Protein chains: 2
Amino acid sequence: MTAESRANWSAQDTRLACRRGELAGQTSGLAAGYAQANLVVLPRDLAADFLLFCQRNPKPCPLLDVTEPGSFTPTRAAPGADLRTDLPGYRVWRDGKLVEERTDIRSLWQADFVSFIIGCSFTFEAALLRAGVPVRHIELGVNVPMFRTNRPCEPAGIFHGPLVVSMRPLKPADAVRAVQITSRYPSVHGAPVHIGLPEQLGIADIGRPDFGDAVPVAPDELPVFWACGVTPQAVAMAARPPLMITHSPGCMFVTNLRDEHLAVG
Amino acid sequence: MTAESRANWSAQDTRLACRRGELAGQTSGLAAGYAQANLVVLPRDLAADFLLFCQRNPKPCPLLDVTEPGSFTPTRAAPGADLRTDLPGYRVWRDGKLVEERTDIRSLWQADFVSFIIGCSFTFEAALLRAGVPVRHIELGVNVPMFRTNRPCEPAGIFHGPLVVSMRPLKPADAVRAVQITSRYPSVHGAPVHIGLPEQLGIADIGRPDFGDAVPVAPDELPVFWACGVTPQAVAMAARPPLMITHSPGCMFVTNLRDEHLAVG
């Protein structure tokens, strides 16, 4: 199986490969053109507050779909999918602590689970690359650098915490293009929340991200910051639910939604 | 006549007030909602090259209308207008030198004159203000600071010269909004050409503009740069045509085009 042929997979091909245990690594570059998503699974008694948190913080927490309680199929984002098996990797959190990584969560499934399918920056990064705007961490083959900011999210019930941002260094003209391009994708974090001046976000050292990998920012570049899908995970963890399940980093849920169908305008 | 009632003038009201000699000052704030424009009048033998220059440099030189040779009415932008009388002030240039300021150019009119109606930033500034994005030079009641850059325009015939940019200091989140808002107005300079890092544009001192007035840039702000309508004037002057007529600074031509009709998307 070459990388090229995997890029040509459909979303369902990718999910079935996971379901059969034939795909254990990261999903970046697979099923090109299909939107990949973050997964957060919570018991129903926390789900209403988490849903409200996402509604109040749409830039870090853009919801592509929310399942009916107990259902493991997000019928709008991926009819036919099984969220218990169709991701390459899962993380299991108990009382806010990571306790296990798995490739299948069927044995953990509960009738009161609600799953949140949350937009991911892969969609807008693909659009940036198509427009000729370079994406540093992709060029370097590392994870995007992410930073906790001094900006609190709008709280909802037990859920609260700081906005987490991802950073991509861009030349000024590319930063303008990146605002234009990512503004078309509100359901995958949308336009940047900040350009330049990292100290305004409470970021003391742009070379030391809180998550992901550091990437260099050249003297003729500006750090450009987007709301990050790590925010809802970090917030959910901080609330220390007895049980929560998420995707493993980079092991995203591949939806049937086409990247271009998420574009407005 | 109060400022408020003048804001409620139609475009034609404003032009007729100029024609009757009842309005001699700047047009900022008059006929709110109507697009105001830069004027460049050149003899026909230079007009073809200047038209090509504008076509090749649409960000500094967005053409709203070009008249038929000899006609003093831009029929698309302002039917019924008389470009010889309908601006509060004109500048007359001979061999690239300013020789006279007038309120009427009927006695100078030539049968071979071609008039260029060029979009003006007033339109996007109104949109910024409506969106709650502050515009520093308007707050301070001064002219926008403008800078020659190290970026050459695409030459055409005898016309060539550097891109001139206007600068507005904005907080980072407002800079993002300003990209979104001004992107909707490609016919009035559109999105910024640059954000931050003035030295990349060859601007040594942001406090010393080449035209207009200096405005302060706060530590929590970025200088945001737009292509400027002074570019075509500066370029036309540099070509030293035997005779050229332009509007006087701030004494714009008020068109019948509604600002909102110039918005795309």
# chains A, B, ... in the order shown; residues from 1 in each chain; ligands from 1
>>> closest_atom_pairs(of="segment 23-60 of chain B", to="segment 147-162 of chain B", cutoff="7 Å", atoms="only C-alpha atoms", output="JSON lines")
{"residue": "B:Asp49", "atom": "CA", "partner": "B:Gly157", "partner_atom": "CA", "distance": 5.3}
{"residue": "B:Phe50", "atom": "CA", "partner": "B:Phe159", "partner_atom": "CA", "distance": 6.7}
{"residue": "B:Leu52", "atom": "CA", "partner": "B:Ala156", "partner_atom": "CA", "distance": 6.1}
{"residue": "B:Phe53", "atom": "CA", "partner": "B:Ala156", "partner_atom": "CA", "distance": 4.9}
{"residue": "B:Arg56", "atom": "CA", "partner": "B:Glu154", "partner_atom": "CA", "distance": 6.1}
{"residue": "B:Asn57", "atom": "CA", "partner": "B:Glu154", "partner_atom": "CA", "distance": 6.4}
>>> closest_atom_pairs(of="chain B", to="chain A", cutoff="10 Å", atoms="only C-alpha atoms", output="tab-separated table")
residue	atom	partner	partner_atom	distance
B:Lys171	CA	A:His194	CA	8.8
B:Pro172	CA	A:His194	CA	5.3
B:Ala173	CA	A:His194	CA	5.3
B:Asp174	CA	A:His194	CA	8.8
B:Ala175	CA	A:Ile195	CA	7.8
B:Val176	CA	A:Val179	CA	6.5
B:Arg177	CA	A:Val179	CA	8.8
B:Ala178	CA	A:Val179	CA	9.8
B:Val179	CA	A:Val176	CA	6.5
B:Gln180	CA	A:Gln180	CA	6.3
B:Ile181	CA	A:Gln180	CA	9.7
B:Ser183	CA	A:Gln180	CA	7.4
B:Arg184	CA	A:Gln180	CA	9.9
B:Ala191	CA	A:Val176	CA	7.4
B:Pro192	CA	A:Val176	CA	6.8
B:Val193	CA	A:Ala173	CA	6.0
B:His194	CA	A:Pro172	CA	5.3
B:Ile195	CA	A:Pro172	CA	5.3
B:Gly196	CA	A:Pro172	CA	7.0
B:Leu197	CA	A:Asp220	CA	7.2
B:Pro198	CA	A:Pro172	CA	9.9
B:Glu199	CA	A:Asp220	CA	9.1
B:Gln200	CA	A:Asp220	CA	7.0
B:Pro219	CA	A:Leu197	CA	8.8
B:Asp220	CA	A:Gln200	CA	7.0
B:Glu221	CA	A:Leu197	CA	8.2
B:Leu222	CA	A:Gly196	CA	7.7
B:Val224	CA	A:Pro172	CA	9.7
B:Val264	CA	A:Gly265	CA	9.8
B:Gly265	CA	A:Gly265	CA	6.3
>>> write_last_selection(atoms="C-alpha atoms", output="mmCIF file, in the first residue's frame")
data_model
loop_
_atom_site.group_PDB
_atom_site.id
_atom_site.type_symbol
_atom_site.label_atom_id
_atom_site.label_comp_id
_atom_site.auth_asym_id
_atom_site.auth_seq_id
_atom_site.Cartn_x
_atom_site.Cartn_y
_atom_site.Cartn_z
ATOM 1 C CA LYS B 171 -4.765 45.351 17.061
ATOM 2 C CA PRO B 172 -4.082 41.804 15.765
ATOM 3 C CA ALA B 173 -7.697 40.615 15.952
ATOM 4 C CA ASP B 174 -8.839 43.785 14.181
ATOM 5 C CA ALA B 175 -6.167 43.209 11.539
ATOM 6 C CA VAL B 176 -7.750 39.805 10.839
ATOM 7 C CA ARG B 177 -11.207 41.432 10.602
ATOM 8 C CA ALA B 178 -9.790 44.165 8.372
ATOM 9 C CA VAL B 179 -8.428 41.559 5.941
ATOM 10 C CA GLN B 180 -11.850 39.917 5.842
ATOM 11 C CA ILE B 181 -13.728 43.185 5.379
ATOM 12 C CA SER B 183 -11.170 41.622 0.805
ATOM 13 C CA ARG B 184 -14.810 42.229 -0.091
ATOM 14 C CA ALA B 191 -7.155 43.307 1.019
ATOM 15 C CA PRO B 192 -3.958 44.619 2.617
ATOM 16 C CA VAL B 193 -0.742 44.008 0.711
ATOM 17 C CA HIS B 194 1.280 43.651 3.921
ATOM 18 C CA ILE B 195 0.926 43.302 7.697
ATOM 19 C CA GLY B 196 3.630 44.138 10.223
ATOM 20 C CA LEU B 197 7.356 44.241 9.376
ATOM 21 C CA PRO B 198 7.502 47.634 7.589
ATOM 22 C CA GLU B 199 11.219 47.122 6.916
ATOM 23 C CA GLN B 200 10.231 44.373 4.456
ATOM 24 C CA PRO B 219 2.926 48.392 21.174
ATOM 25 C CA ASP B 220 -0.130 46.115 20.970
ATOM 26 C CA GLU B 221 -0.829 47.066 17.344
ATOM 27 C CA LEU B 222 0.475 46.022 13.940
ATOM 28 C CA VAL B 224 -1.368 47.179 8.266
ATOM 29 C CA VAL B 264 -18.260 41.077 -3.469
ATOM 30 C CA GLY B 265 -19.282 37.971 -1.566
#
>>> select_by_dssp(residues="segment 30-233 of chain A", states="strand (DSSP E or B)", output="VMD selection string")
chain A and resid 34 to 43 63 to 66 90 to 94 97 to 102 113 to 119 146 to 152 156 159 162 to 170 194 to 195 211 222 to 227
>>> residues_around(residues="Val41 of chain B", least_positions_apart="4", cutoff="9 Å", atoms="only C-alpha atoms", output="list in words")
Ala47, Phe113, Val114, Ser115, Phe116, Ile117, Leu243, Met244, Ile245 and Thr246 of chain B
>>> select_by_dssp(residues="segment 58-248 of chain A", states="alpha helix (DSSP H)", output="ChimeraX atom specification")
/A:122-130,136-140,172-183,230-238
>>> write_last_selection(atoms="N, CA and C atoms", output="JSON list (two decimals), in the first residue's frame")
[["chain", "number", "residue", "atom", "x", "y", "z"],
["A", 122, "PHE", "N", -6.65, 20.15, 9.45],
["A", 122, "PHE", "CA", -6.19, 19.52, 8.21],
["A", 122, "PHE", "C", -6.94, 20.10, 7.01],
["A", 123, "THR", "N", -8.24, 20.39, 7.20],
["A", 123, "THR", "CA", -9.05, 20.87, 6.07],
["A", 123, "THR", "C", -8.53, 22.21, 5.56],
["A", 124, "PHE", "N", -8.25, 23.15, 6.49],
["A", 124, "PHE", "CA", -7.79, 24.45, 5.98],
["A", 124, "PHE", "C", -6.33, 24.40, 5.56],
["A", 125, "GLU", "N", -5.54, 23.51, 6.17],
["A", 125, "GLU", "CA", -4.15, 23.37, 5.71],
["A", 125, "GLU", "C", -4.10, 22.88, 4.27],
["A", 126, "ALA", "N", -5.00, 21.96, 3.92],
["A", 126, "ALA", "CA", -5.05, 21.50, 2.53],
["A", 126, "ALA", "C", -5.39, 22.66, 1.60],
["A", 127, "ALA", "N", -6.31, 23.52, 2.06],
["A", 127, "ALA", "CA", -6.68, 24.68, 1.24],
["A", 127, "ALA", "C", -5.51, 25.66, 1.11],
["A", 128, "LEU", "N", -4.76, 25.85, 2.20],
["A", 128, "LEU", "CA", -3.58, 26.72, 2.14],
["A", 128, "LEU", "C", -2.57, 26.17, 1.13],
["A", 129, "LEU", "N", -2.31, 24.87, 1.21],
["A", 129, "LEU", "CA", -1.32, 24.27, 0.31],
["A", 129, "LEU", "C", -1.76, 24.38, -1.15],
["A", 130, "ARG", "N", -3.06, 24.16, -1.39],
["A", 130, "ARG", "CA", -3.57, 24.29, -2.77],
["A", 130, "ARG", "C", -3.36, 25.71, -3.29],
["A", 136, "ARG", "N", 4.67, 25.41, 7.41],
["A", 136, "ARG", "CA", 5.99, 25.05, 7.92],
["A", 136, "ARG", "C", 6.05, 23.66, 8.54],
["A", 137, "HIS", "N", 5.14, 23.34, 9.46],
["A", 137, "HIS", "CA", 5.27, 22.06, 10.17],
["A", 137, "HIS", "C", 5.05, 20.88, 9.23],
["A", 138, "ILE", "N", 4.27, 21.10, 8.16],
["A", 138, "ILE", "CA", 4.09, 20.02, 7.17],
["A", 138, "ILE", "C", 5.38, 19.86, 6.37],
["A", 139, "GLU", "N", 6.00, 21.00, 5.98],
["A", 139, "GLU", "CA", 7.28, 20.95, 5.27],
["A", 139, "GLU", "C", 8.33, 20.19, 6.09],
["A", 140, "LEU", "N", 8.29, 20.42, 7.42],
["A", 140, "LEU", "CA", 9.30, 19.82, 8.30],
["A", 140, "LEU", "C", 8.90, 18.42, 8.77],
["A", 172, "PRO", "N", 4.27, 38.14, 5.43],
["A", 172, "PRO", "CA", 3.08, 38.99, 5.56],
["A", 172, "PRO", "C", 2.04, 38.82, 4.46],
["A", 173, "ALA", "N", 2.47, 38.76, 3.20],
["A", 173, "ALA", "CA", 1.47, 38.63, 2.13],
["A", 173, "ALA", "C", 0.76, 37.27, 2.22],
["A", 174, "ASP", "N", 1.50, 36.23, 2.63],
["A", 174, "ASP", "CA", 0.87, 34.92, 2.82],
["A", 174, "ASP", "C", -0.08, 34.94, 4.02],
["A", 175, "ALA", "N", 0.24, 35.75, 5.03],
["A", 175, "ALA", "CA", -0.67, 35.86, 6.18],
["A", 175, "ALA", "C", -2.01, 36.45, 5.74],
["A", 176, "VAL", "N", -1.95, 37.46, 4.85],
["A", 176, "VAL", "CA", -3.19, 38.03, 4.31],
["A", 176, "VAL", "C", -3.97, 36.96, 3.56],
["A", 177, "ARG", "N", -3.29, 36.22, 2.69],
["A", 177, "ARG", "CA", -3.95, 35.14, 1.93],
["A", 177, "ARG", "C", -4.53, 34.10, 2.89],
["A", 178, "ALA", "N", -3.79, 33.79, 3.94],
["A", 178, "ALA", "CA", -4.25, 32.76, 4.88],
["A", 178, "ALA", "C", -5.51, 33.21, 5.61],
["A", 179, "VAL", "N", -5.60, 34.52, 5.92],
["A", 179, "VAL", "CA", -6.86, 35.01, 6.52],
["A", 179, "VAL", "C", -8.00, 34.80, 5.53],
["A", 180, "GLN", "N", -7.77, 35.18, 4.28],
["A", 180, "GLN", "CA", -8.83, 35.05, 3.28],
["A", 180, "GLN", "C", -9.25, 33.59, 3.11],
["A", 181, "ILE", "N", -8.26, 32.71, 3.02],
["A", 181, "ILE", "CA", -8.56, 31.30, 2.74],
["A", 181, "ILE", "C", -9.24, 30.64, 3.93],
["A", 182, "THR", "N", -8.68, 30.81, 5.12],
["A", 182, "THR", "CA", -9.25, 30.10, 6.26],
["A", 182, "THR", "C", -10.57, 30.71, 6.72],
["A", 183, "SER", "N", -10.83, 31.98, 6.37],
["A", 183, "SER", "CA", -12.14, 32.56, 6.67],
["A", 183, "SER", "C", -13.26, 31.77, 5.99],
["A", 230, "VAL", "N", -7.21, 21.26, 20.10],
["A", 230, "VAL", "CA", -6.76, 20.73, 21.39],
["A", 230, "VAL", "C", -7.53, 21.39, 22.54],
["A", 231, "THR", "N", -8.06, 22.59, 22.27],
["A", 231, "THR", "CA", -8.80, 23.30, 23.33],
["A", 231, "THR", "C", -9.91, 22.44, 23.93],
["A", 232, "PRO", "N", -10.84, 21.91, 23.13],
["A", 232, "PRO", "CA", -11.93, 21.14, 23.74],
["A", 232, "PRO", "C", -11.43, 19.90, 24.48],
["A", 233, "GLN", "N", -10.40, 19.27, 23.96],
["A", 233, "GLN", "CA", -9.84, 18.10, 24.67],
["A", 233, "GLN", "C", -9.24, 18.51, 26.01],
["A", 234, "ALA", "N", -8.47, 19.62, 25.97],
["A", 234, "ALA", "CA", -7.82, 20.06, 27.21],
["A", 234, "ALA", "C", -8.86, 20.47, 28.24],
["A", 235, "VAL", "N", -9.91, 21.13, 27.77],
["A", 235, "VAL", "CA", -10.97, 21.57, 28.66],
["A", 235, "VAL", "C", -11.74, 20.38, 29.23],
["A", 236, "ALA", "N", -12.01, 19.41, 28.34],
["A", 236, "ALA", "CA", -12.74, 18.22, 28.81],
["A", 236, "ALA", "C", -11.91, 17.46, 29.83],
["A", 237, "MET", "N", -10.61, 17.33, 29.57],
["A", 237, "MET", "CA", -9.72, 16.65, 30.53],
["A", 237, "MET", "C", -9.71, 17.37, 31.87],
["A", 238, "ALA", "N", -9.64, 18.73, 31.79],
["A", 238, "ALA", "CA", -9.54, 19.51, 33.02],
["A", 238, "ALA", "C", -10.77, 19.33, 33.90]]
>>> atom_distance(atom1="atom CA of Arg258 of chain A", atom2="atom CA of Ser121 of chain A")
13.6 Å
>>> residues_around(residues="Asn38 of chain B", least_positions_apart="6", cutoff="12 Å", atoms="only C-alpha atoms", output="MDAnalysis selection string")
chainID B and resid 27 60:66 83 87 89:91 115:123 188:189 228:233 245:255
>>> closest_residue(among="A:Ser187, A:Asp13, A:Leu262, A:Arg208", to="Gln55 of chain A", atoms="only C-alpha atoms")
A:Ser187
>>> atom_distance(atom1="atom CA of Ile206 of chain A", atom2="atom CA of Val135 of chain A")
16.4 Å
>>> atom_distance(atom1="atom CA of Ala81 of chain A", atom2="atom CA of Arg94 of chain A")
25.2 Å
>>> residues_around(residues="Pro223 of chain B", least_positions_apart="4", cutoff="7 Å", atoms="only C-alpha atoms", output="PDB file with N, CA and C atoms, in the first residue's frame")
ATOM      1  N   MET B 167      -1.163  53.252   5.531  1.00  0.00           N
ATOM      2  CA  MET B 167      -0.952  52.434   6.732  1.00  0.00           C
ATOM      3  C   MET B 167      -2.006  52.783   7.777  1.00  0.00           C
ATOM      4  N   ARG B 168      -2.610  51.717   8.348  1.00  0.00           N
ATOM      5  CA  ARG B 168      -3.551  51.879   9.454  1.00  0.00           C
ATOM      6  C   ARG B 168      -3.104  50.936  10.576  1.00  0.00           C
ATOM      7  N   PRO B 169      -2.849  51.462  11.776  1.00  0.00           N
ATOM      8  CA  PRO B 169      -2.425  50.580  12.885  1.00  0.00           C
ATOM      9  C   PRO B 169      -3.648  49.873  13.465  1.00  0.00           C
ATOM     10  N   LEU B 170      -3.533  48.566  13.670  1.00  0.00           N
ATOM     11  CA  LEU B 170      -4.670  47.790  14.192  1.00  0.00           C
ATOM     12  C   LEU B 170      -4.179  46.761  15.198  1.00  0.00           C
ATOM     13  N   ILE B 195       1.239  43.106   6.274  1.00  0.00           N
ATOM     14  CA  ILE B 195       0.926  43.302   7.697  1.00  0.00           C
ATOM     15  C   ILE B 195       2.245  43.230   8.461  1.00  0.00           C
ATOM     16  N   GLY B 196       2.426  44.165   9.393  1.00  0.00           N
ATOM     17  CA  GLY B 196       3.630  44.138  10.223  1.00  0.00           C
ATOM     18  C   GLY B 196       4.896  44.347   9.403  1.00  0.00           C
ATOM     19  N   VAL B 217       1.606  54.153  16.342  1.00  0.00           N
ATOM     20  CA  VAL B 217       1.351  52.716  16.343  1.00  0.00           C
ATOM     21  C   VAL B 217       1.660  52.220  17.756  1.00  0.00           C
TER      22      VAL B 217
END
>>> residues_around(residues="Arg106 of chain A", least_positions_apart="2", cutoff="12 Å", atoms="only C-alpha atoms", output="list of chain:residue names")
A:Arg19, A:Phe72, A:Asp82, A:Leu83, A:Arg84, A:Thr85, A:Asp86, A:Leu87, A:Tyr90, A:Arg102, A:Thr103, A:Asp104, A:Leu108, A:Trp109, A:Gln110, A:Ala111, A:Phe113, A:Ile245
>>> write_last_selection(atoms="N, CA and C atoms", output="mmCIF file, in the first residue's frame")
data_model
loop_
_atom_site.group_PDB
_atom_site.id
_atom_site.type_symbol
_atom_site.label_atom_id
_atom_site.label_comp_id
_atom_site.auth_asym_id
_atom_site.auth_seq_id
_atom_site.Cartn_x
_atom_site.Cartn_y
_atom_site.Cartn_z
ATOM 1 N N ARG A 19 -11.170 -0.392 10.850
ATOM 2 C CA ARG A 19 -12.081 -1.370 11.473
ATOM 3 C C ARG A 19 -11.503 -2.789 11.380
ATOM 4 N N PHE A 72 -23.163 4.996 17.900
ATOM 5 C CA PHE A 72 -21.748 5.143 17.523
ATOM 6 C C PHE A 72 -21.598 5.533 16.054
ATOM 7 N N ASP A 82 -18.538 3.506 12.274
ATOM 8 C CA ASP A 82 -18.618 2.969 13.629
ATOM 9 C C ASP A 82 -17.493 3.631 14.433
ATOM 10 N N LEU A 83 -17.874 4.564 15.303
ATOM 11 C CA LEU A 83 -16.872 5.333 16.038
ATOM 12 C C LEU A 83 -16.079 4.477 17.017
ATOM 13 N N ARG A 84 -16.523 3.237 17.263
ATOM 14 C CA ARG A 84 -15.822 2.362 18.202
ATOM 15 C C ARG A 84 -14.608 1.691 17.576
ATOM 16 N N THR A 85 -14.583 1.670 16.221
ATOM 17 C CA THR A 85 -13.537 0.908 15.527
ATOM 18 C C THR A 85 -12.858 1.675 14.396
ATOM 19 N N ASP A 86 -13.436 2.789 13.963
ATOM 20 C CA ASP A 86 -13.056 3.361 12.666
ATOM 21 C C ASP A 86 -11.965 4.422 12.745
ATOM 22 N N LEU A 87 -11.357 4.577 13.919
ATOM 23 C CA LEU A 87 -10.181 5.448 14.042
ATOM 24 C C LEU A 87 -8.968 4.542 14.275
ATOM 25 N N TYR A 90 -7.138 5.357 19.825
ATOM 26 C CA TYR A 90 -7.972 6.066 20.796
ATOM 27 C C TYR A 90 -7.167 6.276 22.068
ATOM 28 N N ARG A 102 -5.698 2.606 22.774
ATOM 29 C CA ARG A 102 -6.302 1.415 22.176
ATOM 30 C C ARG A 102 -6.564 1.640 20.697
ATOM 31 N N THR A 103 -6.809 0.564 19.980
ATOM 32 C CA THR A 103 -7.181 0.688 18.567
ATOM 33 C C THR A 103 -8.657 0.348 18.363
ATOM 34 N N ASP A 104 -9.353 0.117 19.443
ATOM 35 C CA ASP A 104 -10.752 -0.351 19.350
ATOM 36 C C ASP A 104 -11.381 -0.075 20.721
ATOM 37 N N LEU A 108 -15.458 -0.920 25.713
ATOM 38 C CA LEU A 108 -15.673 0.171 26.667
ATOM 39 C C LEU A 108 -16.975 0.920 26.425
ATOM 40 N N TRP A 109 -17.640 0.592 25.342
ATOM 41 C CA TRP A 109 -18.774 1.424 24.904
ATOM 42 C C TRP A 109 -19.904 1.389 25.930
ATOM 43 N N GLN A 110 -20.525 2.533 26.158
ATOM 44 C CA GLN A 110 -21.646 2.640 27.087
ATOM 45 C C GLN A 110 -22.872 3.183 26.353
ATOM 46 N N ALA A 111 -24.026 2.760 26.824
ATOM 47 C CA ALA A 111 -25.284 3.164 26.175
ATOM 48 C C ALA A 111 -25.561 4.651 26.346
ATOM 49 N N PHE A 113 -23.127 7.035 26.003
ATOM 50 C CA PHE A 113 -22.050 7.831 25.384
ATOM 51 C C PHE A 113 -22.600 8.771 24.304
ATOM 52 N N ILE A 245 -13.245 9.448 26.228
ATOM 53 C CA ILE A 245 -12.429 8.826 25.184
ATOM 54 C C ILE A 245 -12.221 9.850 24.082
#
>>> closest_residue(among="B:Asp205, B:Glu68, B:Asp259, B:Glu22", to="Arg44 of chain B", atoms="only C-alpha atoms")
B:Glu68
>>> closest_residue(among="A:Asn256, A:Asp95, A:Phe211, A:Ile203", to="Trp9 of chain A", atoms="only C-alpha atoms")
A:Asn256
>>> residues_around(residues="Ser166 of chain A", least_positions_apart="6", cutoff="7 Å", atoms="only C-alpha atoms", output="compact mmCIF listing (two decimals) with N, CA and C atoms, in the first residue's frame")
# COMPACT_ATOMS: atom_id res chain seq x y z
N VAL A 144 2.17 20.44 14.46
CA VAL A 144 2.00 21.89 14.54
C VAL A 144 2.27 22.33 15.98
N PRO A 145 2.99 23.46 16.18
CA PRO A 145 3.19 23.96 17.55
C PRO A 145 1.89 24.57 18.09
N MET A 146 1.62 24.25 19.36
CA MET A 146 0.39 24.74 20.00
C MET A 146 0.73 25.38 21.34
N PHE A 147 -0.03 26.39 21.69
CA PHE A 147 0.26 27.18 22.89
C PHE A 147 -1.02 27.42 23.68
N PHE A 225 -1.80 32.77 14.36
CA PHE A 225 -2.39 31.89 15.38
C PHE A 225 -3.85 31.57 15.06
N TRP A 226 -4.16 30.30 15.10
CA TRP A 226 -5.55 29.85 14.93
C TRP A 226 -6.04 29.16 16.21
N ALA A 227 -7.33 29.28 16.49
CA ALA A 227 -7.93 28.49 17.56
C ALA A 227 -7.71 27.02 17.24
N CYS A 228 -7.47 26.23 18.27
CA CYS A 228 -6.97 24.87 18.07
C CYS A 228 -7.92 23.84 18.67
